[in-house]
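Remarks on the structure that follows.
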Amino acid sequence: MGKSDTKTETARLARPPKKTASAARPTRRPASAKAETPYHHGALREALLQAAERVLERDGLAGLTLRAVAREAGVSHAAPTHHFGDLTGLVSELAAIGFRQFNAAMASACDSATTPLSRALARPKAYVAYAQAHPGMYGLMFRTERLDYSRPSLHEAAESSFAGLANAIGAMRQEQISGDALTIEQGAAIARAWSMVHGFTMLLLDGRLEDILERLPAGTTAEQLLEAMLKSTVTGKLPA
């Protein structure tokens with residue numbers, strides 16, 4: 001071997017080995033794979049319910065699907081099924097949250113009232129205000145055919161809501177009302193109050209009160225109209 005051959009061989013051996021294509025390139029996730037949002041253990045269920053509420057208020061009940069909720073939360077499509085079983089399970093747990101929020105809003109309004117009249121008006125006014133602020137959730141709470149009331153969380157929250165209404169009517173009638181056994185007069189009083197406020201709320205959400213409001217003095221609000229209805233109903237029935 002000549003000197004030139006020796007130099008060539010020495011230079012070849014001194015070079016570092018070339019990296020293969022697989023070693024040179026970092027492993028990449030397939031373009032179709034979506035990055036999933038990491039959640040701490042136990043937080044995913046809450047995140048899914050929050051995502052479901054956002055979808056409900058934005059897209060309505062028709063747009064509330066397991067896939068839509070998973071997409072909104074940034075998790076796999078199987079996650080809602082794992083935590084809630086099916087869509088009925090998910091919307092039932094979501095409605096339970098709605099009832100708890102609903103009940104808390106009415107209780108807070110009653111606690112802030114300082115006179116018998118303001119206390120009598122506080123609950124129904126808070127009822128309507130919650131529905132205006134959360135129309136999707138309010139609509140879901142009363143869609144009985146979509147909900148599973150055998151689920152403990154929903155049953156307890158709905159019963160608490162009814163108990164609050166019964167107690168409010170009992171206070172107005174100055175008597176104790178048991179939610180388990182009602183007289184016909186007590187049942188009629190509860191149904192009358194609920195029908196009026198729920199009916200008013202649905203008319204308001206559907207825009208059906210605009211015709212009346214346009215005929216009232218300029219600046220009259222739906223809340224003022226509700227208050228006038230309530231005052232005519234409770235006048236003379238409040239405790240001294």
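So you can find residues: chains in the structure tokens are A, B, ... in the order shown, residues in each start at 1, and ligands are numbered from 1 in order.
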
DSSP-assigned alpha helix (DSSP H) among region 18-231 of chain A, expressed as an NGL selection string: :A and (21-24 or 44-59 or 66-73 or 79-84 or 87-112 or 116-133 or 135-141 or 152-173 or 184-205 or 210-215 or 222-231)

With the cut-off set at 8 Å and counting only C-alpha atoms, tabulate each residue of region 100-157 of chain A with an atom at most that distance from an atom of region 199-214 of chain A, showing the nearest atom pair and its distance in Å to one decimal, ordered by chain and increasing number, as JSON lines.
```
{"residue": "A:Val128", "atom": "CA", "partner": "A:Thr201", "partner_atom": "CA", "distance": 5.7}
{"residue": "A:Ala131", "atom": "CA", "partner": "A:Thr201", "partner_atom": "CA", "distance": 7.2}
{"residue": "A:Gln132", "atom": "CA", "partner": "A:Leu205", "partner_atom": "CA", "distance": 6.9}
{"residue": "A:Pro135", "atom": "CA", "partner": "A:Leu205", "partner_atom": "CA", "distance": 7.4}
```

Could you take the residues named above and write them with N, CA, C and O atoms, as a compact mmCIF listing (two decimals), in the first residue's frame?
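Saved result, part.txt, follows:
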```
# COMPACT_ATOMS: atom_id res chain seq x y z
N VAL A 128 -86.15 33.44 37.87
CA VAL A 128 -86.15 33.97 36.51
C VAL A 128 -84.75 34.44 36.11
O VAL A 128 -84.31 34.21 34.97
N ALA A 131 -82.55 31.55 35.03
CA ALA A 131 -82.93 31.05 33.71
C ALA A 131 -82.42 31.97 32.60
O ALA A 131 -81.98 31.50 31.54
N GLN A 132 -82.46 33.28 32.84
CA GLN A 132 -81.96 34.22 31.84
C GLN A 132 -80.44 34.10 31.67
O GLN A 132 -79.93 34.20 30.56
N PRO A 135 -79.79 29.87 30.06
CA PRO A 135 -80.97 29.33 29.38
C PRO A 135 -80.83 27.88 28.96
O PRO A 135 -81.79 27.11 29.01
```
